[in-house]
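query36.cif follows (mmCIF, C-alpha atoms and all ligand atoms):
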```cif
data_upload
#
loop_
_atom_site.label_atom_id
_atom_site.label_comp_id
_atom_site.auth_asym_id
_atom_site.auth_seq_id
_atom_site.Cartn_x
_atom_site.Cartn_y
_atom_site.Cartn_z
CA MET A 1 -103.72 -53.81 -80.03
CA SER A 2 -105.55 -55.12 -83.03
CA ALA A 3 -103.42 -57.86 -84.48
CA VAL A 4 -105.06 -59.79 -87.25
CA ASN A 5 -102.37 -62.37 -87.81
CA GLY A 6 -102.01 -63.56 -84.23
CA PRO A 7 -99.22 -65.75 -82.95
CA ALA A 8 -101.49 -68.80 -83.00
CA GLY A 9 -99.98 -70.08 -86.21
CA GLY A 10 -96.44 -69.19 -85.17
CA ARG A 11 -93.87 -71.16 -83.29
CA SER A 12 -93.05 -70.45 -79.69
CA GLY A 13 -89.99 -70.14 -77.44
CA GLY A 14 -86.61 -70.94 -78.90
CA ASP A 15 -88.06 -72.38 -82.13
CA ALA A 16 -89.37 -68.99 -83.19
CA TRP A 17 -85.96 -67.41 -82.66
CA ALA A 18 -84.11 -70.20 -84.40
CA SER A 19 -86.03 -69.50 -87.60
CA VAL A 20 -85.12 -65.80 -87.67
CA PRO A 21 -82.27 -65.02 -90.07
CA ARG A 22 -79.53 -62.90 -88.54
CA ALA A 23 -80.13 -60.20 -91.16
CA ALA A 24 -83.71 -59.78 -89.87
CA ARG A 25 -82.73 -59.18 -86.26
CA PRO A 26 -82.27 -55.39 -86.70
CA ILE A 27 -85.95 -55.25 -87.69
CA LEU A 28 -86.95 -56.97 -84.46
CA ARG A 29 -84.69 -54.61 -82.53
CA GLU A 30 -86.39 -51.57 -84.10
CA LEU A 31 -89.84 -52.91 -83.30
CA VAL A 32 -88.83 -53.76 -79.73
CA ILE A 33 -87.34 -50.34 -79.03
CA HIS A 34 -89.63 -48.07 -81.02
CA GLY A 35 -92.93 -49.96 -81.13
CA PRO A 36 -95.25 -50.67 -84.11
CA GLN A 37 -94.15 -49.20 -87.44
CA SER A 38 -95.06 -49.38 -91.09
CA ARG A 39 -92.76 -51.21 -93.49
CA THR A 40 -91.99 -47.88 -95.13
CA ALA A 41 -90.88 -46.34 -91.82
CA LEU A 42 -88.80 -49.41 -90.96
CA ALA A 43 -87.12 -49.45 -94.37
CA LYS A 44 -86.25 -45.78 -93.97
CA ARG A 45 -84.87 -46.20 -90.48
CA LEU A 46 -82.78 -49.25 -91.38
CA VAL A 47 -81.74 -47.85 -94.78
CA LEU A 48 -83.16 -50.85 -96.65
CA SER A 49 -85.13 -51.03 -99.87
CA THR A 50 -88.82 -51.82 -99.42
CA GLY A 51 -88.21 -55.07 -101.31
CA SER A 52 -85.45 -56.18 -98.91
CA LEU A 53 -87.54 -55.23 -95.94
CA THR A 54 -90.53 -57.21 -97.19
CA ARG A 55 -88.29 -60.25 -97.79
CA LEU A 56 -86.75 -60.01 -94.31
CA THR A 57 -90.04 -59.50 -92.48
CA LYS A 58 -91.61 -62.61 -94.01
CA PRO A 59 -89.86 -65.11 -91.69
CA LEU A 60 -90.56 -62.82 -88.73
CA VAL A 61 -94.30 -62.95 -89.37
CA GLU A 62 -94.16 -66.70 -90.05
CA SER A 63 -92.29 -67.30 -86.77
CA GLY A 64 -95.01 -65.53 -84.79
CA LEU A 65 -92.57 -62.98 -83.37
CA VAL A 66 -94.12 -60.20 -85.47
CA VAL A 67 -97.74 -59.57 -86.47
CA GLU A 68 -99.38 -57.24 -88.96
CA ARG A 69 -101.86 -54.82 -87.45
CA GLU A 70 -105.08 -53.79 -89.10
CA VAL A 71 -104.95 -51.34 -91.98
CA GLU A 72 -104.25 -47.75 -90.99
CA HIS A 73 -104.00 -44.67 -93.16
CA ASP A 74 -100.65 -43.01 -93.27
CA PRO A 75 -101.02 -39.56 -91.66
CA THR A 76 -98.81 -37.92 -94.33
CA HIS A 77 -99.95 -39.28 -97.67
CA GLY A 78 -103.14 -41.06 -96.63
CA ARG A 79 -102.18 -44.38 -98.22
CA PRO A 80 -103.31 -47.55 -96.42
CA THR A 81 -100.57 -49.32 -94.45
CA ARG A 82 -100.40 -52.31 -92.12
CA PRO A 83 -97.89 -51.55 -89.37
CA LEU A 84 -95.78 -54.38 -88.02
CA GLU A 85 -95.74 -55.08 -84.32
CA ILE A 86 -93.60 -57.31 -82.13
CA VAL A 87 -95.49 -59.95 -80.14
CA ALA A 88 -93.84 -58.92 -76.88
CA ASP A 89 -95.93 -60.86 -74.40
CA THR A 90 -95.28 -64.38 -75.66
CA HIS A 91 -91.49 -64.12 -75.28
CA HIS A 92 -90.23 -63.65 -71.75
CA PHE A 93 -86.80 -62.97 -70.28
CA LEU A 94 -85.30 -63.33 -66.82
CA GLY A 95 -83.20 -60.70 -65.10
CA VAL A 96 -81.30 -61.25 -61.85
CA LYS A 97 -79.34 -58.67 -59.87
CA LEU A 98 -76.78 -59.86 -57.34
CA THR A 99 -76.26 -57.78 -54.19
CA SER A 100 -74.15 -58.59 -51.15
CA GLY A 101 -77.18 -59.92 -49.26
CA ALA A 102 -79.74 -61.14 -51.78
CA LEU A 103 -80.67 -61.89 -55.37
CA TYR A 104 -83.46 -59.87 -56.96
CA GLY A 105 -85.20 -61.30 -59.99
CA VAL A 106 -87.77 -60.19 -62.54
CA ARG A 107 -89.43 -61.72 -65.52
CA THR A 108 -90.12 -59.33 -68.38
CA ASP A 109 -91.69 -59.47 -71.78
CA LEU A 110 -89.75 -58.72 -74.94
CA ARG A 111 -90.27 -54.97 -74.47
CA GLY A 112 -88.84 -54.97 -70.94
CA GLU A 113 -92.21 -54.79 -69.16
CA VAL A 114 -91.96 -56.51 -65.78
CA VAL A 115 -94.55 -59.30 -65.45
CA GLY A 116 -93.22 -60.95 -62.28
CA ARG A 117 -90.71 -60.28 -59.51
CA GLU A 118 -89.13 -62.28 -56.70
CA SER A 119 -86.14 -62.13 -54.37
CA VAL A 120 -84.13 -64.54 -52.26
CA PRO A 121 -81.64 -63.86 -49.43
CA LEU A 122 -78.12 -65.23 -49.81
CA PRO A 123 -76.62 -66.97 -46.78
CA ASP A 124 -73.16 -66.57 -48.33
CA LEU A 125 -71.63 -65.30 -51.55
CA SER A 126 -70.01 -68.49 -52.86
CA PRO A 127 -70.55 -69.10 -56.60
CA ASP A 128 -72.53 -72.27 -55.78
CA THR A 129 -74.91 -70.38 -53.49
CA VAL A 130 -75.38 -67.59 -56.04
CA VAL A 131 -76.02 -69.99 -58.93
CA GLU A 132 -78.45 -72.06 -56.86
CA GLY A 133 -80.22 -68.87 -55.70
CA ALA A 134 -80.58 -67.73 -59.31
CA GLY A 135 -81.96 -71.16 -60.18
CA TRP A 136 -84.51 -70.92 -57.38
CA LEU A 137 -85.60 -67.48 -58.62
CA ALA A 138 -85.88 -68.77 -62.18
CA ASP A 139 -88.03 -71.70 -61.02
CA ARG A 140 -90.31 -69.38 -59.03
CA LEU A 141 -90.64 -66.88 -61.84
CA THR A 142 -91.41 -69.50 -64.47
CA GLY A 143 -93.86 -71.48 -62.37
CA ASP A 144 -96.57 -71.16 -65.02
CA GLY A 145 -94.52 -73.33 -67.33
CA ARG A 146 -93.80 -70.65 -69.92
CA ARG A 147 -90.12 -70.96 -70.49
CA PRO A 148 -88.16 -67.71 -70.84
CA VAL A 149 -86.03 -67.26 -73.92
CA ALA A 150 -82.86 -66.19 -72.08
CA ALA A 151 -81.55 -64.74 -68.83
CA GLY A 152 -79.31 -61.87 -67.78
CA VAL A 153 -77.47 -61.65 -64.48
CA THR A 154 -75.73 -58.50 -63.25
CA LEU A 155 -73.28 -57.68 -60.51
CA GLY A 156 -71.05 -54.82 -59.49
CA GLY A 157 -67.32 -54.66 -60.12
CA GLU A 158 -65.50 -56.08 -63.05
CA VAL A 159 -66.98 -58.54 -65.54
CA HIS A 160 -64.41 -59.85 -67.98
CA GLY A 161 -65.37 -61.35 -71.29
CA ALA A 162 -63.07 -64.15 -72.38
CA MET A 163 -63.94 -66.31 -75.38
CA GLY A 164 -67.56 -65.30 -74.99
CA ASP A 165 -67.64 -66.76 -71.49
CA GLU A 166 -67.86 -64.16 -68.77
CA ILE A 167 -65.20 -65.03 -66.22
CA ILE A 168 -65.58 -63.17 -62.97
CA ASP A 169 -62.83 -61.86 -60.74
CA SER A 170 -64.29 -59.98 -57.82
CA GLY A 171 -62.50 -58.75 -54.75
CA ALA A 172 -65.81 -57.83 -53.12
CA LEU A 173 -67.24 -61.34 -53.67
CA GLY A 174 -63.94 -63.13 -53.02
CA TRP A 175 -64.19 -64.76 -56.48
CA ARG A 176 -61.31 -65.66 -58.73
CA SER A 177 -61.87 -66.84 -62.32
CA VAL A 178 -65.45 -67.98 -61.77
CA PRO A 179 -67.10 -69.04 -65.09
CA LEU A 180 -70.41 -67.60 -63.96
CA ARG A 181 -72.11 -67.45 -67.34
CA ARG A 182 -71.53 -71.13 -68.00
CA LEU A 183 -72.59 -72.20 -64.50
CA LEU A 184 -75.78 -70.14 -64.75
CA ALA A 185 -76.64 -71.35 -68.25
CA GLU A 186 -76.30 -74.95 -67.02
CA ARG A 187 -78.47 -74.38 -63.94
CA LEU A 188 -81.11 -72.23 -65.64
CA GLY A 189 -81.21 -74.32 -68.80
CA MET A 190 -81.27 -71.30 -71.09
CA PRO A 191 -78.79 -68.92 -72.71
CA CYS A 192 -77.40 -66.47 -70.21
CA VAL A 193 -75.38 -63.24 -70.21
CA VAL A 194 -73.46 -61.75 -67.27
CA LYS A 195 -73.08 -57.97 -67.23
CA HIS A 196 -72.03 -55.08 -65.06
CA ASP A 197 -75.01 -53.88 -63.03
CA VAL A 198 -74.81 -50.12 -63.60
CA THR A 199 -74.21 -50.55 -67.33
CA ALA A 200 -77.25 -52.85 -67.48
CA LEU A 201 -79.40 -50.33 -65.62
CA ALA A 202 -78.24 -47.72 -68.12
CA ALA A 203 -79.05 -50.05 -71.04
CA ALA A 204 -82.61 -50.45 -69.75
CA HIS A 205 -82.98 -46.67 -69.65
CA GLN A 206 -81.53 -46.37 -73.14
CA TRP A 207 -84.08 -48.72 -74.67
CA PHE A 208 -87.15 -48.35 -72.50
CA GLY A 209 -86.60 -45.61 -69.94
CA ASP A 210 -85.39 -42.10 -69.28
CA ALA A 211 -82.66 -42.05 -71.94
CA ARG A 212 -84.74 -43.19 -74.92
CA GLU A 213 -83.42 -41.68 -78.12
CA GLU A 214 -80.43 -40.28 -76.19
CA PRO A 215 -77.11 -41.38 -77.67
CA ASN A 216 -75.13 -39.69 -74.89
CA PHE A 217 -76.06 -39.98 -71.22
CA ALA A 218 -74.70 -40.99 -67.83
CA VAL A 219 -75.96 -43.00 -64.87
CA ILE A 220 -74.69 -42.34 -61.34
CA ALA A 221 -75.57 -45.11 -58.87
CA LEU A 222 -75.39 -44.39 -55.16
CA GLY A 223 -74.86 -47.38 -52.93
CA ASN A 224 -74.87 -48.15 -49.26
CA GLY A 225 -71.20 -48.77 -48.60
CA ILE A 226 -68.54 -46.06 -48.67
CA GLY A 227 -65.85 -48.34 -50.04
CA ASP A 228 -67.68 -49.94 -52.95
CA GLY A 229 -70.92 -48.10 -53.25
CA ILE A 230 -70.67 -45.57 -56.05
CA GLY A 231 -71.29 -46.74 -59.60
CA TYR A 232 -71.06 -44.90 -62.87
CA ALA A 233 -71.88 -45.65 -66.49
CA LEU A 234 -71.31 -43.37 -69.47
CA PHE A 235 -72.93 -43.96 -72.86
CA VAL A 236 -71.49 -42.16 -75.89
CA HIS A 237 -72.95 -42.48 -79.39
CA GLY A 238 -75.29 -45.15 -78.07
CA SER A 239 -72.60 -47.42 -76.62
CA ALA A 240 -71.30 -47.92 -73.10
CA VAL A 241 -67.81 -46.60 -72.50
CA ARG A 242 -65.88 -49.57 -71.11
CA SER A 243 -64.65 -49.14 -67.58
CA THR A 244 -62.57 -51.20 -65.19
CA GLU A 245 -62.91 -51.59 -61.44
CA ALA A 246 -59.96 -49.18 -61.09
CA ASP A 247 -61.73 -46.54 -63.24
CA LEU A 248 -64.84 -46.81 -61.08
CA ALA A 249 -62.76 -46.51 -57.90
CA GLU A 250 -61.23 -43.31 -59.28
CA PHE A 251 -64.73 -42.00 -59.98
CA ALA A 252 -65.99 -42.83 -56.49
CA HIS A 253 -62.93 -41.39 -54.74
CA GLN A 254 -62.43 -38.18 -56.73
CA THR A 255 -61.92 -35.29 -54.32
CA LEU A 256 -64.71 -32.77 -54.10
CA ASP A 257 -63.44 -30.82 -51.09
CA ALA A 258 -59.98 -31.36 -49.60
CA GLY A 259 -61.34 -30.26 -46.21
CA GLY A 260 -64.35 -32.60 -46.28
CA PRO A 261 -65.14 -35.78 -44.33
CA MET A 262 -62.77 -38.74 -44.56
CA CYS A 263 -63.57 -42.02 -46.34
CA PRO A 264 -62.26 -45.42 -45.11
CA GLU A 265 -59.45 -45.22 -47.66
CA GLY A 266 -58.22 -42.04 -46.02
CA HIS A 267 -59.29 -39.46 -48.64
CA ARG A 268 -60.77 -36.26 -47.43
CA GLY A 269 -63.92 -35.07 -49.11
CA CYS A 270 -64.16 -37.69 -51.87
CA VAL A 271 -67.49 -38.50 -53.56
CA ALA A 272 -67.99 -41.68 -51.51
CA ALA A 273 -67.33 -39.83 -48.25
CA TYR A 274 -70.35 -37.61 -48.98
CA VAL A 275 -73.00 -39.46 -50.95
CA ALA A 276 -72.96 -43.15 -49.92
CA ALA A 277 -75.81 -44.00 -47.55
CA ASP A 278 -73.30 -44.97 -44.83
CA SER A 279 -71.54 -41.60 -45.21
CA VAL A 280 -74.82 -39.76 -44.60
CA ARG A 281 -75.42 -41.92 -41.51
CA ILE A 282 -71.91 -41.23 -40.18
CA ALA A 283 -72.27 -37.49 -40.77
CA ALA A 284 -75.51 -37.54 -38.75
CA ALA A 285 -73.99 -39.77 -36.05
CA GLN A 286 -71.44 -37.12 -35.15
CA GLY A 287 -74.22 -34.78 -34.05
CA LEU A 288 -76.66 -37.36 -32.71
CA GLY A 289 -74.13 -39.30 -30.64
CA ARG A 290 -75.32 -42.61 -32.13
CA LEU A 291 -75.36 -44.24 -35.57
CA PRO A 292 -78.84 -43.86 -37.11
CA GLY A 293 -80.26 -45.80 -40.06
CA PHE A 294 -80.34 -44.08 -43.46
CA ALA A 295 -84.13 -43.90 -43.60
CA GLU A 296 -84.14 -42.49 -40.07
CA VAL A 297 -81.75 -39.69 -41.07
CA LEU A 298 -84.08 -38.73 -43.92
CA ARG A 299 -87.10 -38.86 -41.61
CA LEU A 300 -85.45 -36.74 -38.91
CA ALA A 301 -84.22 -34.26 -41.54
CA ARG A 302 -87.79 -33.91 -42.83
CA ALA A 303 -89.00 -33.37 -39.26
CA GLY A 304 -86.57 -30.46 -38.88
CA ASP A 305 -83.69 -32.05 -36.95
CA PRO A 306 -80.78 -29.68 -37.76
CA VAL A 307 -78.04 -32.34 -37.57
CA CYS A 308 -79.75 -34.73 -39.96
CA ALA A 309 -80.90 -31.92 -42.23
CA GLU A 310 -77.30 -30.75 -42.56
CA ALA A 311 -76.05 -34.29 -43.29
CA VAL A 312 -78.61 -34.67 -46.08
CA SER A 313 -77.95 -31.17 -47.45
CA GLU A 314 -74.20 -31.76 -47.60
CA ALA A 315 -74.68 -35.06 -49.40
CA ALA A 316 -77.10 -33.51 -51.89
CA ARG A 317 -74.75 -30.59 -52.58
CA ALA A 318 -71.89 -33.01 -53.17
CA LEU A 319 -74.07 -35.07 -55.50
CA GLY A 320 -74.91 -31.89 -57.40
CA VAL A 321 -71.19 -31.23 -57.91
CA VAL A 322 -70.70 -34.79 -59.18
CA ILE A 323 -73.62 -34.43 -61.60
CA ALA A 324 -72.17 -31.17 -62.94
CA ASN A 325 -68.71 -32.72 -63.31
CA VAL A 326 -70.18 -35.64 -65.25
CA ALA A 327 -72.27 -33.41 -67.51
CA ASN A 328 -69.45 -30.93 -68.13
CA SER A 329 -66.66 -33.35 -68.89
CA GLY A 330 -68.73 -36.18 -70.45
CA LEU A 331 -70.63 -33.64 -72.61
CA VAL A 332 -73.92 -35.31 -71.67
CA LYS A 333 -77.22 -33.53 -71.15
CA THR A 334 -79.09 -36.45 -69.58
CA VAL A 335 -77.97 -37.71 -66.18
CA ILE A 336 -79.86 -40.47 -64.36
CA VAL A 337 -79.31 -40.90 -60.61
CA ALA A 338 -80.30 -44.16 -58.91
CA GLY A 339 -79.37 -46.38 -55.99
CA ALA A 340 -79.72 -46.89 -52.26
CA SER A 341 -79.12 -43.28 -51.14
CA VAL A 342 -80.84 -41.61 -54.09
CA ASP A 343 -83.46 -40.08 -51.78
CA ILE A 344 -80.94 -37.40 -50.76
CA ALA A 345 -81.57 -35.90 -54.19
CA ARG A 346 -85.30 -35.73 -53.53
CA ALA A 347 -85.08 -34.65 -49.89
CA ALA A 348 -82.78 -31.71 -50.59
CA ARG A 349 -83.41 -30.72 -54.21
CA ASP A 350 -82.42 -27.07 -53.58
CA ASP A 351 -79.03 -28.17 -52.24
CA LEU A 352 -78.59 -30.53 -55.17
CA GLU A 353 -79.19 -27.66 -57.57
CA ARG A 354 -76.82 -25.43 -55.59
CA GLY A 355 -74.16 -28.12 -56.00
CA ILE A 356 -74.77 -28.26 -59.75
CA LEU A 357 -74.61 -24.47 -60.02
CA ALA A 358 -71.31 -24.42 -58.10
CA ARG A 359 -69.73 -26.12 -61.14
CA ARG A 360 -72.01 -25.17 -64.00
CA ARG A 361 -73.32 -21.83 -65.22
CA SER A 362 -76.96 -22.87 -65.37
CA LEU A 363 -79.34 -25.77 -64.93
CA GLY A 364 -80.67 -25.12 -68.43
CA GLY A 365 -80.21 -27.94 -70.90
CA LEU A 366 -79.49 -30.51 -68.21
CA ARG A 367 -82.08 -33.29 -67.99
CA LEU A 368 -81.82 -34.87 -64.57
CA SER A 369 -83.76 -38.01 -63.72
CA VAL A 370 -83.86 -39.14 -60.08
CA ARG A 371 -85.09 -42.74 -59.93
CA PRO A 372 -86.79 -44.19 -56.85
CA HIS A 373 -84.66 -46.90 -55.26
CA ASP A 374 -85.92 -50.31 -56.35
CA PHE A 375 -83.83 -53.47 -56.88
CA GLY A 376 -86.53 -54.60 -59.32
CA ASP A 377 -85.28 -51.84 -61.66
CA TRP A 378 -81.79 -53.28 -61.46
CA ALA A 379 -83.05 -56.80 -62.18
CA ARG A 380 -84.95 -55.36 -65.15
CA GLY A 381 -81.63 -54.01 -66.40
CA ALA A 382 -80.31 -57.58 -66.33
CA ALA A 383 -83.33 -58.79 -68.33
CA VAL A 384 -82.80 -56.01 -70.88
CA GLU A 385 -79.21 -57.19 -71.35
CA ALA A 386 -80.60 -60.64 -72.14
CA ILE A 387 -83.06 -59.10 -74.62
CA LYS A 388 -80.26 -57.09 -76.25
CA ALA A 389 -78.09 -60.19 -76.59
CA GLN A 390 -80.98 -62.16 -78.05
CA LEU A 391 -81.73 -59.48 -80.62
CA ALA A 392 -78.08 -59.23 -81.54
CA GLY A 393 -78.05 -62.99 -82.06
CA ALA A 394 -75.37 -63.43 -79.42
CA ALA A 395 -77.37 -65.33 -76.83
ZN ZN B 401 -62.37 -41.95 -50.82
#
```
Just give me the structure as structure tokens.
Amino acid sequence: MSAVNGPAGGRSGGDAWASVPRAARPILRELVIHGPQSRTALAKRLVLSTGSLTRLTKPLVESGLVVEREVEHDPTHGRPTRPLEIVADTHHFLGVKLTSGALYGVRTDLRGEVVGRESVPLPDLSPDTVVEGAGWLADRLTGDGRRPVAAGVTLGGEVHGAMGDEIIDSGALGWRSVPLRRLLAERLGMPCVVKHDVTALAAAHQWFGDAREEPNFAVIALGNGIGDGIGYALFVHGSAVRSTEADLAEFAHQTLDAGGPMCPEGHRGCVAAYVAADSVRIAAAQGLGRLPGFAEVLRLARAGDPVCAEAVSEAARALGVVIANVANSGLVKTVIVAGASVDIARAARDDLERGILARRRSLGGLRLSVRPHDFGDWARGAAVEAIKAQLAGAA
């Protein structure tokens, strides 16, 4: 980077944001998502006159959020231009992902790059424990004294928005009408958003990951538990399709094979009964005569154990069918698969493709991204939600 007008003269933290007019926020958003650009390119993308764009970028440069790079020559017409660039590394965000056993946190810059990560186990799932755990993570991740601009926290299940205050009802957590956003904002001392975890993971891929420039895509998240472990997010025309807990349960328990294994809710051959990590373990247990760990099943399958290899193959085939169903009916070409049991897709890629081809005429045109399992990625999704809210002016 070769910034000539560095942030030295600009303001920092919340002050810089406070001075940005709402009308200028789309410019920041463009620079965050797409990187440095000339004023001409920005004006074209945002359908603004060059005069308007120049007027709106002035406070951004003065605030220190945006700098002008050194003169470059436009590759098309050769005219000199000074591209604008966001100062990503002086504005940090926190992301926290809640799981049933721990909180995972990251600190990112304004372009979603992770600059620190931390986790903390949760002795229980009461709102007080979760809020205090998030506070501990925030303190650890901001130990250098540089205060983040805002925070995002994500969890599975349903996240209601009421009067701008996310009120959480969660059967899995045993929560009823918990004003989590307010409690977190008070403890963390910064603006906070609470979002659904799979949607947040998808949002991070939309802006900075495998679905960049993709208006339509889906994320399938494979969990540990059979009952609550399968997540799904669908983005159409750049926006998340809203889903309820009931919609997600229908997704997880759709029947793939009426003669397949049974899930705890009594369905035969539903998605959860095949692809959740616990389902793979149970399938292997029937042949092994004991309940193995998920990683052990994968290891034994790799070593040639026929029982474990079959359990992994079956799960991968089922996942392939789910991927094809999603692509066919959601009309999406990009499908991202993530989560605790995602390694079935890697361990048995041929079976996965067989499953896709059982419901789709070809693999052509389908862009499949299999993400390594990492809770840091999920926490990054939470941070990206905070960045999105900040750039929309909602945080
Ligand atoms: Zn089921």
> Contacts of Asp247 (chain A) at 12 Å or less, counting all atoms listed in the file, minus same-chain residues fewer than 2 places along, as a list of chain:residue names?
Replying inline: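 So, after excluding close chain neighbours, the residues are A:Gly157, A:Glu158, A:Ile230, A:Gly231, A:Tyr232, A:Ala233, A:Leu234, A:Val241, A:Arg242, A:Ser243, A:Thr244, A:Glu245, A:Ala249, A:Glu250, A:Phe251, A:Ala252, A:His253, A:Gln254.
Among A:Ser63, A:Gln390, A:Ser279, A:Thr255, the residue with the shortest atom-to-atom distance to ligand ZN 401 (chain B), counting all atoms listed in the file, is A:Thr255.
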> Which protein, DNA or RNA residues have an atom within 10 Å of ligand ZN 401 (chain B), counting all atoms listed in the file, as a list in words?
Replying inline: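 Result of the 10 Å neighbour search around ligand ZN 401 (chain B): Ile226, Gly227, Asp228, Ala249, Glu250, Phe251, Ala252, His253, Gln254, Thr255, Pro261, Met262, Cys263, Pro264, Glu265, Gly266, His267, Arg268, Gly269, Cys270, Val271, Ala272, Ala273 and Tyr274 of chain A.
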Give me the region 166-216 of chain A side of the contact with region 327-332 of chain A, cut-off 12 Å, one line per residue showing its nearest atom pair and distance in Å at one decimal, counting only C-alpha atoms, sorted by chain and residue number, as a tab-separated table.
```
residue	atom	partner	partner_atom	distance
A:Ala211	CA	A:Val332	CA	11.0
A:Glu214	CA	A:Val332	CA	9.4
A:Pro215	CA	A:Val332	CA	9.1
A:Asn216	CA	A:Val332	CA	5.6
```
Dump as a compact mmCIF listing (two decimals), in the frame of the given file, selection limited to C-alpha atoms:
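Listing of part_23.txt after writing:
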```
# COMPACT_ATOMS: atom_id res chain seq x y z
CA ALA A 211 -82.66 -42.05 -71.94
CA GLU A 214 -80.43 -40.28 -76.19
CA PRO A 215 -77.11 -41.38 -77.67
CA ASN A 216 -75.13 -39.69 -74.89
```
Every residue with an atom at most 12 Å from (-79.2, -38.1, -69.4) (file coordinates; only C-alpha atoms) is what I'm after, so could you write them as a PDB file with C-alpha atoms, in the coordinates of the input?
```
ATOM      1  CA  ALA A 202     -78.240 -47.720 -68.120  1.00  0.00           C
ATOM      2  CA  HIS A 205     -82.980 -46.670 -69.650  1.00  0.00           C
ATOM      3  CA  GLN A 206     -81.530 -46.370 -73.140  1.00  0.00           C
ATOM      4  CA  GLY A 209     -86.600 -45.610 -69.940  1.00  0.00           C
ATOM      5  CA  ASP A 210     -85.390 -42.100 -69.280  1.00  0.00           C
ATOM      6  CA  ALA A 211     -82.660 -42.050 -71.940  1.00  0.00           C
ATOM      7  CA  ARG A 212     -84.740 -43.190 -74.920  1.00  0.00           C
ATOM      8  CA  GLU A 213     -83.420 -41.680 -78.120  1.00  0.00           C
ATOM      9  CA  GLU A 214     -80.430 -40.280 -76.190  1.00  0.00           C
ATOM     10  CA  PRO A 215     -77.110 -41.380 -77.670  1.00  0.00           C
ATOM     11  CA  ASN A 216     -75.130 -39.690 -74.890  1.00  0.00           C
ATOM     12  CA  PHE A 217     -76.060 -39.980 -71.220  1.00  0.00           C
ATOM     13  CA  ALA A 218     -74.700 -40.990 -67.830  1.00  0.00           C
ATOM     14  CA  VAL A 219     -75.960 -43.000 -64.870  1.00  0.00           C
ATOM     15  CA  ILE A 220     -74.690 -42.340 -61.340  1.00  0.00           C
ATOM     16  CA  ALA A 233     -71.880 -45.650 -66.490  1.00  0.00           C
ATOM     17  CA  LEU A 234     -71.310 -43.370 -69.470  1.00  0.00           C
ATOM     18  CA  PHE A 235     -72.930 -43.960 -72.860  1.00  0.00           C
ATOM     19  CA  VAL A 236     -71.490 -42.160 -75.890  1.00  0.00           C
ATOM     20  CA  GLY A 238     -75.290 -45.150 -78.070  1.00  0.00           C
ATOM     21  CA  ILE A 323     -73.620 -34.430 -61.600  1.00  0.00           C
ATOM     22  CA  ALA A 324     -72.170 -31.170 -62.940  1.00  0.00           C
ATOM     23  CA  VAL A 326     -70.180 -35.640 -65.250  1.00  0.00           C
ATOM     24  CA  ALA A 327     -72.270 -33.410 -67.510  1.00  0.00           C
ATOM     25  CA  GLY A 330     -68.730 -36.180 -70.450  1.00  0.00           C
ATOM     26  CA  LEU A 331     -70.630 -33.640 -72.610  1.00  0.00           C
ATOM     27  CA  VAL A 332     -73.920 -35.310 -71.670  1.00  0.00           C
ATOM     28  CA  LYS A 333     -77.220 -33.530 -71.150  1.00  0.00           C
ATOM     29  CA  THR A 334     -79.090 -36.450 -69.580  1.00  0.00           C
ATOM     30  CA  VAL A 335     -77.970 -37.710 -66.180  1.00  0.00           C
ATOM     31  CA  ILE A 336     -79.860 -40.470 -64.360  1.00  0.00           C
ATOM     32  CA  VAL A 337     -79.310 -40.900 -60.610  1.00  0.00           C
ATOM     33  CA  GLY A 365     -80.210 -27.940 -70.900  1.00  0.00           C
ATOM     34  CA  LEU A 366     -79.490 -30.510 -68.210  1.00  0.00           C
ATOM     35  CA  ARG A 367     -82.080 -33.290 -67.990  1.00  0.00           C
ATOM     36  CA  LEU A 368     -81.820 -34.870 -64.570  1.00  0.00           C
ATOM     37  CA  SER A 369     -83.760 -38.010 -63.720  1.00  0.00           C
ATOM     38  CA  VAL A 370     -83.860 -39.140 -60.080  1.00  0.00           C
TER      39      VAL A 370
END
```
> Near Thr142 (chain A), within 12 Å and counting all atoms listed in the file, which residues show up once chain neighbours fewer than 4 positions away are dropped, as JSON, numbers by chain?
Replying inline: {"A": [92, 93, 94, 105, 106, 107, 108, 115, 116, 117, 118, 135, 136, 137, 138, 146, 147, 148, 149, 150, 151, 188]}
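Take the candidates A:Arg299, A:Arg140, A:Arg317, A:Arg69 and check each one against Arg354 (chain A) using all atoms listed in the file; the shortest distance goes to A:Arg317.
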>> Set the distance at 12 Å and use only C-alpha atoms: which residues neighbour Pro292 (chain A) once local chain neighbours fewer than 2 positions away are removed? I'd like the list as an NGL selection string.
In response: :A and (277-290 or 294-301 or 307-308 or 311)
Same residues, C-alpha atoms, saved as a short mmCIF file (atom, residue, chain, number, x, y, z; two decimals), in the coordinates of the input:
```
data_model
loop_
_atom_site.label_atom_id
_atom_site.label_comp_id
_atom_site.auth_asym_id
_atom_site.auth_seq_id
_atom_site.Cartn_x
_atom_site.Cartn_y
_atom_site.Cartn_z
CA ALA A 277 -75.81 -44.00 -47.55
CA ASP A 278 -73.30 -44.97 -44.83
CA SER A 279 -71.54 -41.60 -45.21
CA VAL A 280 -74.82 -39.76 -44.60
CA ARG A 281 -75.42 -41.92 -41.51
CA ILE A 282 -71.91 -41.23 -40.18
CA ALA A 283 -72.27 -37.49 -40.77
CA ALA A 284 -75.51 -37.54 -38.75
CA ALA A 285 -73.99 -39.77 -36.05
CA GLN A 286 -71.44 -37.12 -35.15
CA GLY A 287 -74.22 -34.78 -34.05
CA LEU A 288 -76.66 -37.36 -32.71
CA GLY A 289 -74.13 -39.30 -30.64
CA ARG A 290 -75.32 -42.61 -32.13
CA PHE A 294 -80.34 -44.08 -43.46
CA ALA A 295 -84.13 -43.90 -43.60
CA GLU A 296 -84.14 -42.49 -40.07
CA VAL A 297 -81.75 -39.69 -41.07
CA LEU A 298 -84.08 -38.73 -43.92
CA ARG A 299 -87.10 -38.86 -41.61
CA LEU A 300 -85.45 -36.74 -38.91
CA ALA A 301 -84.22 -34.26 -41.54
CA VAL A 307 -78.04 -32.34 -37.57
CA CYS A 308 -79.75 -34.73 -39.96
CA ALA A 311 -76.05 -34.29 -43.29
#
```
